[in-house]
file model.cif (mmCIF, C-alpha atoms)
data_start
loop_
_atom_site.label_atom_id
_atom_site.label_comp_id
_atom_site.auth_asym_id
_atom_site.auth_seq_id
_atom_site.Cartn_x
_atom_site.Cartn_y
_atom_site.Cartn_z
CA PRO A 1 35.62 109.83 170.46
CA LEU A 2 36.55 110.46 166.82
CA GLY A 3 39.91 109.51 165.41
CA ASN A 4 42.05 112.20 163.85
CA ARG A 5 44.70 112.06 161.14
CA VAL A 6 47.61 111.75 163.57
CA GLY A 7 46.27 108.72 165.42
CA GLY A 8 44.70 110.52 168.38
CA SER A 9 41.05 110.98 169.16
CA ARG A 10 38.77 113.80 170.18
CA ILE A 11 35.45 113.99 171.97
CA VAL A 12 32.63 115.53 169.94
CA PRO A 13 29.63 116.36 172.12
CA VAL A 14 26.19 116.16 170.52
CA SER A 15 23.50 117.85 172.56
CA ASP A 16 20.50 116.74 170.50
CA PRO A 17 19.36 113.27 171.71
CA ALA A 18 17.95 112.22 168.32
CA ALA A 19 21.09 113.28 166.44
CA SER A 20 23.24 111.57 169.06
CA ARG A 21 21.28 108.34 168.66
CA ARG A 22 21.63 108.44 164.85
CA LEU A 23 25.37 109.06 165.09
CA LEU A 24 25.87 106.23 167.58
CA GLU A 25 23.86 103.86 165.37
CA ALA A 26 25.87 104.87 162.31
CA ALA A 27 29.15 104.42 164.22
CA ALA A 28 28.10 100.96 165.39
CA GLU A 29 27.14 99.98 161.84
CA ARG A 30 30.30 101.33 160.18
CA ARG A 31 32.77 100.50 162.97
CA THR A 32 36.08 101.61 161.43
CA ARG A 33 34.74 103.32 158.28
CA CYS A 34 33.96 107.03 157.99
CA LEU A 35 30.58 108.17 159.28
CA ILE A 36 30.06 110.63 156.45
CA THR A 37 30.51 109.06 153.03
CA VAL A 38 29.84 109.83 149.38
CA GLY A 39 29.74 107.71 146.25
CA GLU A 40 30.92 104.19 146.96
CA GLY A 41 30.97 104.76 150.72
CA ASN A 42 34.41 106.34 151.06
CA ILE A 43 35.71 109.85 151.47
CA GLY A 44 38.85 110.69 149.56
CA ARG A 45 41.20 113.53 150.25
CA ASN A 46 39.47 115.85 147.78
CA SER A 47 35.84 114.85 148.38
CA VAL A 48 34.71 118.34 149.34
CA ASN A 49 36.35 119.75 146.22
CA LYS A 50 34.62 117.12 144.06
CA ILE A 51 31.24 117.94 145.62
CA SER A 52 31.89 121.64 145.07
CA GLU A 53 32.76 120.96 141.41
CA GLN A 54 29.54 118.95 140.96
CA LEU A 55 27.50 121.80 142.47
CA THR A 56 29.20 124.32 140.19
CA ARG A 57 28.55 122.17 137.10
CA ARG A 58 24.88 122.07 138.06
CA GLY A 59 24.71 125.85 138.29
CA HIS A 60 25.02 126.20 142.07
CA GLU A 61 27.60 128.07 144.04
CA GLY A 62 30.55 125.92 145.08
CA VAL A 63 31.46 125.10 148.67
CA ASN A 64 34.52 126.57 150.32
CA ALA A 65 35.13 124.03 153.09
CA ALA A 66 38.03 125.96 154.60
CA ALA A 67 35.94 129.12 154.85
CA LEU A 68 33.08 127.19 156.47
CA ARG A 69 35.43 125.58 158.99
CA HIS A 70 37.17 128.87 159.75
CA GLY A 71 33.82 130.58 160.25
CA TRP A 72 32.75 127.82 162.63
CA ILE A 73 36.00 128.16 164.60
CA VAL A 74 35.66 131.96 164.82
CA ASN A 75 32.07 131.56 166.04
CA LEU A 76 33.04 128.86 168.54
CA ALA A 77 35.92 130.99 169.85
CA GLN A 78 33.38 133.55 171.03
CA GLN A 79 31.48 130.95 173.04
CA VAL A 80 33.91 128.51 174.68
CA PRO A 81 37.35 128.59 176.33
CA ALA A 82 40.36 128.25 174.03
CA ALA A 83 41.26 124.80 175.37
CA LEU A 84 37.80 123.45 174.51
CA LEU A 85 37.90 125.14 171.11
CA MET A 86 41.18 123.40 170.31
CA GLN A 87 39.78 120.05 171.45
CA LEU A 88 36.53 120.35 169.50
CA ALA A 89 38.13 121.71 166.33
CA ASP A 90 41.03 119.25 166.61
CA VAL A 91 43.65 121.96 166.11
CA GLY A 92 47.07 122.28 167.70
CA ASN A 93 47.18 126.09 167.60
CA THR A 94 44.92 129.08 167.19
CA ARG A 95 46.49 130.35 163.97
CA VAL A 96 43.10 130.45 162.25
CA LEU A 97 41.91 132.94 164.86
CA ALA A 98 44.94 135.16 164.27
CA GLU A 99 44.24 135.04 160.53
CA GLN A 100 40.55 135.87 161.07
CA GLN A 101 41.07 138.39 163.88
CA HIS A 102 39.08 141.03 161.99
CA LEU A 103 35.99 138.83 162.52
CA LEU A 104 36.45 138.59 166.28
CA PRO A 105 34.89 141.10 168.64
CA SER A 106 37.03 143.75 170.25
CA TYR A 107 36.37 143.81 174.00
CA ARG A 108 36.49 146.98 176.04
CA VAL A 109 38.55 146.77 179.22
CA GLU A 110 35.43 146.85 181.44
CA HIS A 111 33.90 143.92 179.59
CA ALA A 112 37.16 141.96 179.72
CA VAL A 113 37.39 142.50 183.49
CA THR A 114 33.77 141.37 183.95
CA LEU A 115 34.35 138.23 181.89
CA LEU A 116 37.54 137.40 183.77
CA LYS A 117 35.84 137.87 187.13
CA GLU A 118 32.99 135.55 186.09
CA LYS A 119 35.44 132.84 185.07
CA THR A 120 37.56 133.01 188.21
CA LEU A 121 34.82 133.00 190.84
#

call {"tool": "encode", "arguments": {"input": "model.cif", "output": "structure tokens"}}
result
Amino acid sequence: PLGNRVGGSRIVPVSDPAASRRLLEAAAERRTRCLITVGEGNIGRNSVNKISEQLTRRGHEGVNAAALRHGWIVNLAQQVPAALLMQLADVGNTRVLAEQQHLLPSYRVEHAVTLLKEKTL
């Protein structure tokens, strides 16, 4: 389980055994510190922005963390049930999907019925 900003935790499944092993080893080593760190071993509130600024200064395209996360959520929404999406993404609502609805597929009635039948059998 990973802690979140409001004191709860979420389960983050890792299907690759080697990646899982590395993450578990890093978690055991760091205990209460962040798994992903930069600089002196900490992540501040604006770390992604600072990394993006460094990339831009070096002539690379910056990183839009929100766009990356939203894209991941939109992609995940097409693969898993909403309850699992909310758990994995650690969100309390699906507002991001409403805001990105133009990126979601539009299902024909026949396809929707087929999907619902598969899920209820």

call {"tool": "resolve_selection", "arguments": {"input": "model.cif", "expression": "the PyMOL selection byres ((chain A and resi 68-83) around 8)", "output": "compact mmCIF listing (two decimals) with C-alpha atoms, keeping the file's coordinate frame"}}
result
# COMPACT_ATOMS: atom_id res chain seq x y z
CA ASN A 64 34.52 126.57 150.32
CA ALA A 65 35.13 124.03 153.09
CA ALA A 66 38.03 125.96 154.60
CA ALA A 67 35.94 129.12 154.85
CA LEU A 84 37.80 123.45 174.51
CA LEU A 85 37.90 125.14 171.11
CA MET A 86 41.18 123.40 170.31
CA GLN A 87 39.78 120.05 171.45
CA ALA A 89 38.13 121.71 166.33
CA VAL A 96 43.10 130.45 162.25
CA LEU A 97 41.91 132.94 164.86
CA GLN A 100 40.55 135.87 161.07
CA LEU A 103 35.99 138.83 162.52
CA LEU A 104 36.45 138.59 166.28

call {"tool": "atom_distance", "arguments": {"input": "model.cif", "atom1": "CA of Ala112 (chain A)", "atom2": "CA of Asp90 (chain A)"}}
result
26.5 Å

call {"tool": "atom_distance", "arguments": {"input": "model.cif", "atom1": "CA of Arg108 (chain A)", "atom2": "CA of Arg95 (chain A)"}}
result
22.9 Å

call {"tool": "atom_distance", "arguments": {"input": "model.cif", "atom1": "CA of Thr94 (chain A)", "atom2": "CA of Ala19 (chain A)"}}
result
28.6 Å
